[in-house]
Amino acid sequence: MLPHTLFIGQQLYFLPVCESTNSEAQQLLIKNEATEGCTVITHQQTKGRGQRGNSWQAEPGKNVTLSVILSPSFLAARQQFYLNIAVSLAVHDLLHEQGLHEAQVKWPNDLFYEGKKLGGILIENTINSYTLQHSIVGIGLNVNQLHFDYTTATSMRNATGGAFDVEKVAMRLLELLEKRYLELRSGKTGKQRHEYLQALYRYQELHPFLVDDQQVEGQIVGVNENGCLAVEIDKKLRYFAFKEISYII
């Protein structure tokens, strides 16, 4: 089965088991064997990676685990978070299509449903001078898995009570990813940024956060071009990079 797309997923590698789809995609790039949109998908990752070295674990055959190679040379290196926005919106679109209308994007790279993690995104970029040369977009989405090691994780099946065809979900995700990527390529960053903020977990709500091992009350008011989270704390606007601020859930 291939997605109904122009290029994303048209070159598709299915591996029953691999260490990491992002690593496999990287090898295809090194060997010059990948065209833009090349997709690596697996039923089981043995060494799945999350953001900044965190691990990603999923039950074999019950979830979507894939990586897509893109060539977003139209983006300056300083604009790379716009790609994160487009990818996040694609996964968010999918979840809403599948009936998870309360799904949200949790900065910087997670999908949440009712305070629990549904999926994660890992984008690894190669920069050529001042622009992006290649991006490997890794997406993990909990689909039919019912039980997790952590109480903070959930799945589409847990959320809706119904089982899903994992392959169809994966192909639809690739279609929506291409739609959002082409939208980004056409320059609609303002539109996507607005939609991203509307989908953002805890946006414009007062909540506790952890900053420098201290609990503070803050309100998320935006995300800047560099991908830093803008939070108003004690009537002062502060910007945080990943791992400089933590949600208290």
# chains A, B, ... in the order shown; residues from 1 in each chain; ligands from 1

$ residues_around --residues "A:Val40" --least-positions-apart "4" --cutoff "9 Å" --atoms "only C-alpha atoms" --output "ChimeraX atom specification"
/A:9,11-15,21-22,24-25,65-69

$ closest_atom_pairs --of "stretch 19-102 of chain A" --to "stretch 121-141 of chain A" --cutoff "9 Å" --atoms "only C-alpha atoms" --output "JSON lines"
{"residue": "A:Thr21", "atom": "CA", "partner": "A:Gly138", "partner_atom": "CA", "distance": 7.2}
{"residue": "A:Asn22", "atom": "CA", "partner": "A:Gly138", "partner_atom": "CA", "distance": 5.9}
{"residue": "A:Ala25", "atom": "CA", "partner": "A:Ile136", "partner_atom": "CA", "distance": 7.0}
{"residue": "A:Gln26", "atom": "CA", "partner": "A:Ile136", "partner_atom": "CA", "distance": 7.4}
{"residue": "A:Leu29", "atom": "CA", "partner": "A:His134", "partner_atom": "CA", "distance": 8.7}
{"residue": "A:Glu36", "atom": "CA", "partner": "A:His134", "partner_atom": "CA", "distance": 8.8}
{"residue": "A:Arg49", "atom": "CA", "partner": "A:Leu122", "partner_atom": "CA", "distance": 7.8}
{"residue": "A:Gly50", "atom": "CA", "partner": "A:Leu122", "partner_atom": "CA", "distance": 6.0}
{"residue": "A:Gln51", "atom": "CA", "partner": "A:Leu122", "partner_atom": "CA", "distance": 5.7}
{"residue": "A:Arg52", "atom": "CA", "partner": "A:Leu122", "partner_atom": "CA", "distance": 8.9}
{"residue": "A:Trp56", "atom": "CA", "partner": "A:Gly140", "partner_atom": "CA", "distance": 7.9}
{"residue": "A:Ala58", "atom": "CA", "partner": "A:Gly140", "partner_atom": "CA", "distance": 8.4}
{"residue": "A:Asn63", "atom": "CA", "partner": "A:Leu141", "partner_atom": "CA", "distance": 5.9}
{"residue": "A:Val64", "atom": "CA", "partner": "A:Leu141", "partner_atom": "CA", "distance": 5.1}
{"residue": "A:Thr65", "atom": "CA", "partner": "A:Gly140", "partner_atom": "CA", "distance": 4.6}
{"residue": "A:Leu66", "atom": "CA", "partner": "A:Ile139", "partner_atom": "CA", "distance": 5.6}
{"residue": "A:Ser67", "atom": "CA", "partner": "A:Gly138", "partner_atom": "CA", "distance": 4.2}
{"residue": "A:Val68", "atom": "CA", "partner": "A:Val137", "partner_atom": "CA", "distance": 5.0}
{"residue": "A:Ile69", "atom": "CA", "partner": "A:Ile136", "partner_atom": "CA", "distance": 4.7}
{"residue": "A:Leu70", "atom": "CA", "partner": "A:Ser135", "partner_atom": "CA", "distance": 5.1}
{"residue": "A:Ser71", "atom": "CA", "partner": "A:His134", "partner_atom": "CA", "distance": 4.5}
{"residue": "A:Pro72", "atom": "CA", "partner": "A:Leu132", "partner_atom": "CA", "distance": 5.8}
{"residue": "A:Ser73", "atom": "CA", "partner": "A:Leu132", "partner_atom": "CA", "distance": 4.9}
{"residue": "A:Phe74", "atom": "CA", "partner": "A:Thr131", "partner_atom": "CA", "distance": 7.1}
{"residue": "A:Leu75", "atom": "CA", "partner": "A:Thr131", "partner_atom": "CA", "distance": 5.7}
{"residue": "A:Ala76", "atom": "CA", "partner": "A:Thr131", "partner_atom": "CA", "distance": 4.1}
{"residue": "A:Ala77", "atom": "CA", "partner": "A:Thr131", "partner_atom": "CA", "distance": 4.7}
{"residue": "A:Arg78", "atom": "CA", "partner": "A:Thr131", "partner_atom": "CA", "distance": 8.1}
{"residue": "A:Gln79", "atom": "CA", "partner": "A:Thr131", "partner_atom": "CA", "distance": 8.6}
{"residue": "A:Gln80", "atom": "CA", "partner": "A:Leu132", "partner_atom": "CA", "distance": 7.4}
{"residue": "A:Leu83", "atom": "CA", "partner": "A:Ile123", "partner_atom": "CA", "distance": 8.6}
{"residue": "A:Asn84", "atom": "CA", "partner": "A:Ile123", "partner_atom": "CA", "distance": 7.3}
{"residue": "A:Val87", "atom": "CA", "partner": "A:Ile121", "partner_atom": "CA", "distance": 8.0}
{"residue": "A:Ser88", "atom": "CA", "partner": "A:Ile121", "partner_atom": "CA", "distance": 7.6}
{"residue": "A:Val91", "atom": "CA", "partner": "A:Leu141", "partner_atom": "CA", "distance": 8.6}

$ write_last_selection --atoms "N, CA, C and O atoms" --output "compact mmCIF listing (two decimals), in the first residue's frame"
# COMPACT_ATOMS: atom_id res chain seq x y z
N THR A 21 14.30 4.08 12.82
CA THR A 21 13.97 4.49 11.45
C THR A 21 14.75 5.75 11.06
O THR A 21 15.12 5.91 9.90
N ASN A 22 15.02 6.63 12.02
CA ASN A 22 15.83 7.81 11.71
C ASN A 22 17.24 7.41 11.30
O ASN A 22 17.81 7.96 10.37
N ALA A 25 17.14 5.95 7.80
CA ALA A 25 16.99 7.02 6.83
C ALA A 25 18.31 7.75 6.62
O ALA A 25 18.68 8.11 5.50
N GLN A 26 19.05 7.94 7.71
CA GLN A 26 20.35 8.59 7.61
C GLN A 26 21.30 7.79 6.73
O GLN A 26 22.04 8.36 5.91
N LEU A 29 20.56 8.33 3.10
CA LEU A 29 21.09 9.62 2.66
C LEU A 29 22.59 9.53 2.40
O LEU A 29 23.09 10.04 1.38
N GLU A 36 13.65 12.87 -2.26
CA GLU A 36 12.85 13.58 -1.26
C GLU A 36 11.51 12.87 -1.08
O GLU A 36 10.86 12.48 -2.05
N ARG A 49 14.67 6.51 19.17
CA ARG A 49 15.19 7.70 19.83
C ARG A 49 14.13 8.78 19.92
O ARG A 49 13.34 8.97 19.00
N GLY A 50 14.16 9.49 21.03
CA GLY A 50 13.32 10.66 21.19
C GLY A 50 14.18 11.90 21.17
O GLY A 50 15.36 11.85 20.85
N GLN A 51 13.58 13.02 21.56
CA GLN A 51 14.31 14.29 21.54
C GLN A 51 15.44 14.27 22.55
O GLN A 51 15.31 13.80 23.67
N ARG A 52 16.62 14.79 22.13
CA ARG A 52 17.78 14.94 23.00
C ARG A 52 18.18 13.65 23.70
O ARG A 52 18.48 13.62 24.88
N TRP A 56 12.43 6.05 22.83
CA TRP A 56 11.03 5.92 22.41
C TRP A 56 10.73 4.44 22.33
O TRP A 56 11.34 3.71 21.57
N ALA A 58 7.79 1.30 21.99
CA ALA A 58 6.44 0.99 21.54
C ALA A 58 6.30 -0.51 21.34
O ALA A 58 7.25 -1.20 21.00
N ASN A 63 1.69 0.24 16.56
CA ASN A 63 1.82 1.68 16.50
C ASN A 63 2.47 2.11 15.19
O ASN A 63 3.00 1.29 14.45
N VAL A 64 2.39 3.39 14.90
CA VAL A 64 3.06 3.94 13.72
C VAL A 64 4.45 4.41 14.12
O VAL A 64 4.61 5.21 15.05
N THR A 65 5.45 3.89 13.42
CA THR A 65 6.84 4.31 13.64
C THR A 65 7.48 4.49 12.28
O THR A 65 7.68 3.52 11.55
N LEU A 66 7.79 5.72 11.93
CA LEU A 66 8.33 5.98 10.59
C LEU A 66 9.21 7.22 10.57
O LEU A 66 9.19 8.04 11.49
N SER A 67 9.99 7.32 9.50
CA SER A 67 10.83 8.49 9.26
C SER A 67 10.73 8.88 7.80
O SER A 67 10.70 8.02 6.92
N VAL A 68 10.69 10.19 7.55
CA VAL A 68 10.58 10.73 6.20
C VAL A 68 11.75 11.66 5.93
O VAL A 68 12.08 12.50 6.78
N ILE A 69 12.37 11.52 4.76
CA ILE A 69 13.47 12.40 4.36
C ILE A 69 12.92 13.55 3.53
O ILE A 69 12.23 13.33 2.53
N LEU A 70 13.22 14.76 3.96
CA LEU A 70 12.78 15.96 3.25
C LEU A 70 13.99 16.82 2.91
O LEU A 70 15.05 16.68 3.53
N SER A 71 13.81 17.72 1.95
CA SER A 71 14.88 18.63 1.53
C SER A 71 14.36 20.07 1.59
O SER A 71 14.15 20.70 0.54
N PRO A 72 14.18 20.61 2.78
CA PRO A 72 13.58 21.95 2.90
C PRO A 72 14.60 23.08 2.74
O PRO A 72 14.78 23.92 3.63
N SER A 73 15.25 23.11 1.59
CA SER A 73 16.28 24.13 1.34
C SER A 73 15.69 25.53 1.24
O SER A 73 16.43 26.52 1.23
N PHE A 74 14.37 25.62 1.17
CA PHE A 74 13.70 26.92 1.14
C PHE A 74 13.66 27.57 2.51
O PHE A 74 13.27 28.74 2.65
N LEU A 75 14.05 26.83 3.55
CA LEU A 75 14.06 27.37 4.91
C LEU A 75 15.48 27.74 5.32
O LEU A 75 16.42 26.94 5.16
N ALA A 76 15.63 28.95 5.88
CA ALA A 76 16.91 29.32 6.47
C ALA A 76 17.13 28.49 7.73
O ALA A 76 16.16 28.02 8.36
N ALA A 77 18.38 28.31 8.11
CA ALA A 77 18.69 27.50 9.29
C ALA A 77 17.97 28.03 10.53
O ALA A 77 17.48 27.25 11.35
N ARG A 78 17.87 29.35 10.64
CA ARG A 78 17.21 29.94 11.80
C ARG A 78 15.69 29.73 11.79
O ARG A 78 15.02 29.98 12.79
N GLN A 79 15.16 29.26 10.66
CA GLN A 79 13.71 29.04 10.54
C GLN A 79 13.33 27.58 10.71
O GLN A 79 12.20 27.21 10.43
N GLN A 80 14.24 26.74 11.17
CA GLN A 80 13.98 25.31 11.15
C GLN A 80 12.79 24.89 12.00
O GLN A 80 12.18 23.85 11.74
N LEU A 83 9.50 23.93 10.29
CA LEU A 83 9.28 22.55 9.86
C LEU A 83 8.64 21.75 10.98
O LEU A 83 7.73 20.94 10.75
N ASN A 84 9.10 21.97 12.19
CA ASN A 84 8.50 21.31 13.36
C ASN A 84 7.02 21.65 13.46
O ASN A 84 6.18 20.78 13.75
N VAL A 87 5.05 19.72 10.69
CA VAL A 87 4.93 18.29 11.01
C VAL A 87 3.95 18.08 12.16
O VAL A 87 3.09 17.18 12.12
N SER A 88 4.05 18.91 13.18
CA SER A 88 3.13 18.81 14.33
C SER A 88 1.68 18.98 13.88
O SER A 88 0.79 18.24 14.33
N VAL A 91 0.32 15.76 12.15
CA VAL A 91 -0.09 14.72 13.09
C VAL A 91 -1.37 15.14 13.81
O VAL A 91 -2.28 14.33 14.02

$ atom_distance --atom1 "atom CA of A:Ile249" --atom2 "atom CA of A:Asp212"
16.9 Å

$ closest_atom_pairs --of "stretch 31-89 of chain A" --to "stretch 195-208 of chain A" --cutoff "9 Å" --atoms "only C-alpha atoms" --output "JSON lines"
{"residue": "A:Ile85", "atom": "CA", "partner": "A:Tyr196", "partner_atom": "CA", "distance": 6.4}
{"residue": "A:Ala86", "atom": "CA", "partner": "A:Tyr196", "partner_atom": "CA", "distance": 8.3}
{"residue": "A:Ser88", "atom": "CA", "partner": "A:Tyr196", "partner_atom": "CA", "distance": 7.8}
{"residue": "A:Leu89", "atom": "CA", "partner": "A:Tyr196", "partner_atom": "CA", "distance": 6.6}

$ select_by_dssp --residues "stretch 116-176 of chain A" --states "alpha helix (DSSP H)" --output "list in words"
Met156, Arg157, Asn158, Ala159, Thr160, Val166, Glu167, Lys168, Val169, Ala170, Met171, Arg172, Leu173, Leu174, Glu175 and Leu176 of chain A

$ select_by_dssp --residues "stretch 67-190 of chain A" --states "strand (DSSP E)" --output "ChimeraX atom specification"
/A:67-70,104-106,110-113,116-128,131-142

$ closest_atom_pairs --of "stretch 79-108 of chain A" --to "stretch 159-172 of chain A" --cutoff "12 Å" --atoms "only C-alpha atoms" --output "tab-separated table"
residue	atom	partner	partner_atom	distance
A:Ala90	CA	A:Arg172	CA	9.8
A:Val91	CA	A:Arg172	CA	9.8
A:Asp93	CA	A:Arg172	CA	10.1
A:Leu94	CA	A:Arg172	CA	7.3
A:Leu95	CA	A:Val169	CA	9.6
A:His96	CA	A:Thr160	CA	11.5
A:Glu97	CA	A:Arg172	CA	9.8
A:Gln98	CA	A:Thr160	CA	8.8
A:Gly99	CA	A:Thr160	CA	7.3
A:Leu100	CA	A:Thr160	CA	7.1
A:His101	CA	A:Thr160	CA	10.2
A:Glu102	CA	A:Ala159	CA	9.8
A:Ala103	CA	A:Ala159	CA	9.7

$ write_last_selection --atoms "C-alpha atoms" --output "CSV table (one decimal), in the first residue's frame"
chain,number,residue,atom,x,y,z
A,90,ALA,CA,0.1,17.1,10.2
A,91,VAL,CA,-0.1,14.7,13.1
A,93,ASP,CA,-4.8,16.9,11.6
A,94,LEU,CA,-4.6,13.1,11.6
A,95,LEU,CA,-5.7,12.8,15.2
A,96,HIS,CA,-8.7,15.1,14.6
A,97,GLU,CA,-9.7,13.2,11.5
A,98,GLN,CA,-9.7,10.0,13.5
A,99,GLY,CA,-12.0,11.4,16.2
A,100,LEU,CA,-9.5,12.6,18.8
A,101,HIS,CA,-10.9,16.2,18.7
A,102,GLU,CA,-9.2,17.1,22.1
A,103,ALA,CA,-5.7,16.2,20.9

$ residues_around --residues "A:Val231" --least-positions-apart "3" --cutoff "6 Å" --atoms "only C-alpha atoms" --output "ChimeraX atom specification"
/A:219-221,237-238

$ write_last_selection --atoms "all heavy atoms" --output "PDB file, in the first residue's frame"
ATOM      1  N   GLN A 219       2.216  31.572  32.033  1.00  0.00           N
ATOM      2  CA  GLN A 219       1.234  31.474  30.955  1.00  0.00           C
ATOM      3  C   GLN A 219       1.965  31.475  29.618  1.00  0.00           C
ATOM      4  O   GLN A 219       2.708  32.404  29.303  1.00  0.00           O
ATOM      5  CB  GLN A 219       0.270  32.665  31.022  1.00  0.00           C
ATOM      6  CG  GLN A 219      -0.850  32.614  29.993  1.00  0.00           C
ATOM      7  CD  GLN A 219      -1.789  33.803  30.117  1.00  0.00           C
ATOM      8  OE1 GLN A 219      -1.366  34.929  30.342  1.00  0.00           O
ATOM      9  NE2 GLN A 219      -3.080  33.552  29.997  1.00  0.00           N
ATOM     10  N   ILE A 220       1.759  30.412  28.831  1.00  0.00           N
ATOM     11  CA  ILE A 220       2.368  30.332  27.505  1.00  0.00           C
ATOM     12  C   ILE A 220       1.689  31.348  26.595  1.00  0.00           C
ATOM     13  O   ILE A 220       0.466  31.349  26.458  1.00  0.00           O
ATOM     14  CB  ILE A 220       2.224  28.916  26.913  1.00  0.00           C
ATOM     15  CG1 ILE A 220       2.987  27.895  27.771  1.00  0.00           C
ATOM     16  CG2 ILE A 220       2.737  28.874  25.475  1.00  0.00           C
ATOM     17  CD1 ILE A 220       2.733  26.442  27.363  1.00  0.00           C
ATOM     18  N   VAL A 221       2.501  32.204  25.968  1.00  0.00           N
ATOM     19  CA  VAL A 221       1.928  33.231  25.096  1.00  0.00           C
ATOM     20  C   VAL A 221       2.393  33.092  23.652  1.00  0.00           C
ATOM     21  O   VAL A 221       1.900  33.800  22.767  1.00  0.00           O
ATOM     22  CB  VAL A 221       2.253  34.656  25.617  1.00  0.00           C
ATOM     23  CG1 VAL A 221       1.600  34.891  26.966  1.00  0.00           C
ATOM     24  CG2 VAL A 221       3.760  34.877  25.702  1.00  0.00           C
ATOM     25  N   LEU A 237       7.977  38.650  30.323  1.00  0.00           N
ATOM     26  CA  LEU A 237       8.023  37.678  29.232  1.00  0.00           C
ATOM     27  C   LEU A 237       9.408  37.048  29.178  1.00  0.00           C
ATOM     28  O   LEU A 237      10.420  37.752  29.066  1.00  0.00           O
ATOM     29  CB  LEU A 237       7.701  38.359  27.903  1.00  0.00           C
ATOM     30  CG  LEU A 237       7.558  37.438  26.686  1.00  0.00           C
ATOM     31  CD1 LEU A 237       6.448  36.421  26.899  1.00  0.00           C
ATOM     32  CD2 LEU A 237       7.296  38.261  25.427  1.00  0.00           C
ATOM     33  N   ARG A 238       9.446  35.716  29.245  1.00  0.00           N
ATOM     34  CA  ARG A 238      10.721  34.999  29.200  1.00  0.00           C
ATOM     35  C   ARG A 238      10.658  33.935  28.100  1.00  0.00           C
ATOM     36  O   ARG A 238       9.590  33.418  27.779  1.00  0.00           O
ATOM     37  CB  ARG A 238      11.024  34.338  30.552  1.00  0.00           C
ATOM     38  CG  ARG A 238      11.168  35.322  31.694  1.00  0.00           C
ATOM     39  CD  ARG A 238      11.372  34.623  33.024  1.00  0.00           C
ATOM     40  NE  ARG A 238      12.594  33.823  33.037  1.00  0.00           N
ATOM     41  CZ  ARG A 238      12.991  33.078  34.084  1.00  0.00           C
ATOM     42  NH1 ARG A 238      12.249  33.048  35.185  1.00  0.00           N
ATOM     43  NH2 ARG A 238      14.101  32.369  34.018  1.00  0.00           N
TER      44      ARG A 238
END

$ closest_residue --among "A:Phe148, A:Phe81, A:Phe7, A:Tyr113" --to "A:Glu59" --atoms "only C-alpha atoms"
A:Phe148

$ atom_distance --atom1 "atom CA of A:Cys228" --atom2 "atom CA of A:Ala241"
4.8 Å

$ residues_around --residues "A:Met156" --least-positions-apart "6" --cutoff "7 Å" --atoms "only C-alpha atoms" --output "ChimeraX atom specification"
/A:142-144

$ closest_residue --among "A:Leu182, A:Ile8, A:Leu111, A:Val211" --to "A:Gly37" --atoms "only C-alpha atoms"
A:Ile8

$ closest_residue --among "A:Lys62, A:Thr46, A:Arg180, A:Leu118" --to "A:Thr151" --atoms "only C-alpha atoms"
A:Leu118

$ closest_residue --among "A:His4, A:Glu232, A:Asp149, A:Lys191" --to "A:Leu176" --atoms "only C-alpha atoms"
A:His4

$ decode --residues "stretch 108-136 of chain A" --atoms "N, CA, C and O atoms" --output "mmCIF file, in the first residue's frame"
data_model
loop_
_atom_site.group_PDB
_atom_site.id
_atom_site.type_symbol
_atom_site.label_atom_id
_atom_site.label_comp_id
_atom_site.auth_asym_id
_atom_site.auth_seq_id
_atom_site.Cartn_x
_atom_site.Cartn_y
_atom_site.Cartn_z
ATOM 1 N N PRO A 108 7.960 20.838 22.968
ATOM 2 C CA PRO A 108 8.265 21.194 21.578
ATOM 3 C C PRO A 108 7.935 20.113 20.555
ATOM 4 O O PRO A 108 7.914 20.397 19.363
ATOM 5 N N ASN A 109 7.676 18.868 20.994
ATOM 6 C CA ASN A 109 7.654 17.786 19.992
ATOM 7 C C ASN A 109 6.715 16.638 20.321
ATOM 8 O O ASN A 109 6.925 15.518 19.853
ATOM 9 N N ASP A 110 5.681 16.880 21.109
ATOM 10 C CA ASP A 110 4.779 15.798 21.502
ATOM 11 C C ASP A 110 3.348 16.080 21.078
ATOM 12 O O ASP A 110 2.951 17.230 20.879
ATOM 13 N N LEU A 111 2.566 15.003 20.982
ATOM 14 C CA LEU A 111 1.122 15.096 20.799
ATOM 15 C C LEU A 111 0.467 14.576 22.062
ATOM 16 O O LEU A 111 0.830 13.501 22.555
ATOM 17 N N PHE A 112 -0.476 15.334 22.575
ATOM 18 C CA PHE A 112 -1.111 15.009 23.845
ATOM 19 C C PHE A 112 -2.610 14.827 23.670
ATOM 20 O O PHE A 112 -3.237 15.447 22.805
ATOM 21 N N TYR A 113 -3.162 13.974 24.536
ATOM 22 C CA TYR A 113 -4.617 13.810 24.602
ATOM 23 C C TYR A 113 -5.002 13.699 26.065
ATOM 24 O O TYR A 113 -4.558 12.779 26.765
ATOM 25 N N GLU A 114 -5.776 14.658 26.534
ATOM 26 C CA GLU A 114 -6.235 14.702 27.926
ATOM 27 C C GLU A 114 -5.062 14.532 28.893
ATOM 28 O O GLU A 114 -5.123 13.749 29.845
ATOM 29 N N GLY A 115 -3.986 15.270 28.618
ATOM 30 C CA GLY A 115 -2.849 15.293 29.527
ATOM 31 C C GLY A 115 -1.904 14.113 29.420
ATOM 32 O O GLY A 115 -0.998 13.975 30.243
ATOM 33 N N LYS A 116 -2.097 13.258 28.400
ATOM 34 C CA LYS A 116 -1.216 12.099 28.234
ATOM 35 C C LYS A 116 -0.597 12.088 26.840
ATOM 36 O O LYS A 116 -1.203 12.578 25.881
ATOM 37 N N LYS A 117 0.595 11.510 26.742
ATOM 38 C CA LYS A 117 1.331 11.525 25.486
ATOM 39 C C LYS A 117 0.802 10.471 24.513
ATOM 40 O O LYS A 117 0.726 9.291 24.825
ATOM 41 N N LEU A 118 0.462 10.947 23.322
ATOM 42 C CA LEU A 118 -0.017 10.083 22.236
ATOM 43 C C LEU A 118 1.084 9.777 21.226
ATOM 44 O O LEU A 118 1.076 8.735 20.580
ATOM 45 N N GLY A 119 1.984 10.722 21.060
ATOM 46 C CA GLY A 119 3.013 10.546 20.043
ATOM 47 C C GLY A 119 4.126 11.548 20.206
ATOM 48 O O GLY A 119 4.034 12.495 21.003
ATOM 49 N N GLY A 120 5.192 11.334 19.443
ATOM 50 C CA GLY A 120 6.337 12.225 19.511
ATOM 51 C C GLY A 120 6.964 12.420 18.138
ATOM 52 O O GLY A 120 6.789 11.600 17.236
ATOM 53 N N ILE A 121 7.679 13.516 18.001
ATOM 54 C CA ILE A 121 8.334 13.885 16.743
ATOM 55 C C ILE A 121 9.806 14.142 17.023
ATOM 56 O O ILE A 121 10.152 14.807 18.009
ATOM 57 N N LEU A 122 10.670 13.619 16.168
ATOM 58 C CA LEU A 122 12.104 13.884 16.253
ATOM 59 C C LEU A 122 12.590 14.283 14.873
ATOM 60 O O LEU A 122 12.556 13.479 13.940
ATOM 61 N N ILE A 123 13.012 15.538 14.730
ATOM 62 C CA ILE A 123 13.504 16.038 13.453
ATOM 63 C C ILE A 123 15.001 16.301 13.564
ATOM 64 O O ILE A 123 15.447 17.048 14.444
ATOM 65 N N GLU A 124 15.759 15.669 12.681
ATOM 66 C CA GLU A 124 17.215 15.846 12.657
ATOM 67 C C GLU A 124 17.596 16.525 11.345
ATOM 68 O O GLU A 124 17.356 15.981 10.267
ATOM 69 N N ASN A 125 18.182 17.721 11.465
ATOM 70 C CA ASN A 125 18.472 18.542 10.301
ATOM 71 C C ASN A 125 19.951 18.559 9.940
ATOM 72 O O ASN A 125 20.811 18.542 10.817
ATOM 73 N N THR A 126 20.215 18.628 8.642
ATOM 74 C CA THR A 126 21.556 18.875 8.122
ATOM 75 C C THR A 126 21.542 20.262 7.495
ATOM 76 O O THR A 126 20.679 20.561 6.664
ATOM 77 N N ILE A 127 22.481 21.096 7.914
ATOM 78 C CA ILE A 127 22.501 22.485 7.452
ATOM 79 C C ILE A 127 23.606 22.687 6.423
ATOM 80 O O ILE A 127 24.742 22.232 6.608
ATOM 81 N N ASN A 128 23.253 23.339 5.325
ATOM 82 C CA ASN A 128 24.206 23.647 4.259
ATOM 83 C C ASN A 128 24.341 25.166 4.184
ATOM 84 O O ASN A 128 23.437 25.848 3.735
ATOM 85 N N SER A 129 25.472 25.680 4.675
ATOM 86 C CA SER A 129 25.669 27.129 4.777
ATOM 87 C C SER A 129 24.576 27.743 5.651
ATOM 88 O O SER A 129 24.559 27.507 6.848
ATOM 89 N N TYR A 130 23.621 28.457 5.049
ATOM 90 C CA TYR A 130 22.626 29.150 5.849
ATOM 91 C C TYR A 130 21.230 28.540 5.727
ATOM 92 O O TYR A 130 20.277 29.077 6.283
ATOM 93 N N THR A 131 21.102 27.462 4.991
ATOM 94 C CA THR A 131 19.782 26.858 4.797
ATOM 95 C C THR A 131 19.792 25.388 5.199
ATOM 96 O O THR A 131 20.852 24.781 5.393
ATOM 97 N N LEU A 132 18.595 24.826 5.319
ATOM 98 C CA LEU A 132 18.486 23.400 5.602
ATOM 99 C C LEU A 132 18.771 22.619 4.322
ATOM 100 O O LEU A 132 18.284 22.970 3.245
ATOM 101 N N GLN A 133 19.551 21.570 4.442
ATOM 102 C CA GLN A 133 19.843 20.720 3.292
ATOM 103 C C GLN A 133 18.934 19.498 3.294
ATOM 104 O O GLN A 133 18.202 19.251 2.342
ATOM 105 N N HIS A 134 18.977 18.759 4.383
ATOM 106 C CA HIS A 134 18.113 17.588 4.546
ATOM 107 C C HIS A 134 17.520 17.596 5.951
ATOM 108 O O HIS A 134 18.148 18.061 6.907
ATOM 109 N N SER A 135 16.335 17.039 6.050
ATOM 110 C CA SER A 135 15.693 16.836 7.351
ATOM 111 C C SER A 135 15.158 15.419 7.405
ATOM 112 O O SER A 135 14.507 14.960 6.456
ATOM 113 N N ILE A 136 15.454 14.737 8.483
ATOM 114 C CA ILE A 136 14.875 13.420 8.723
ATOM 115 C C ILE A 136 13.804 13.594 9.795
ATOM 116 O O ILE A 136 14.099 13.959 10.929
#
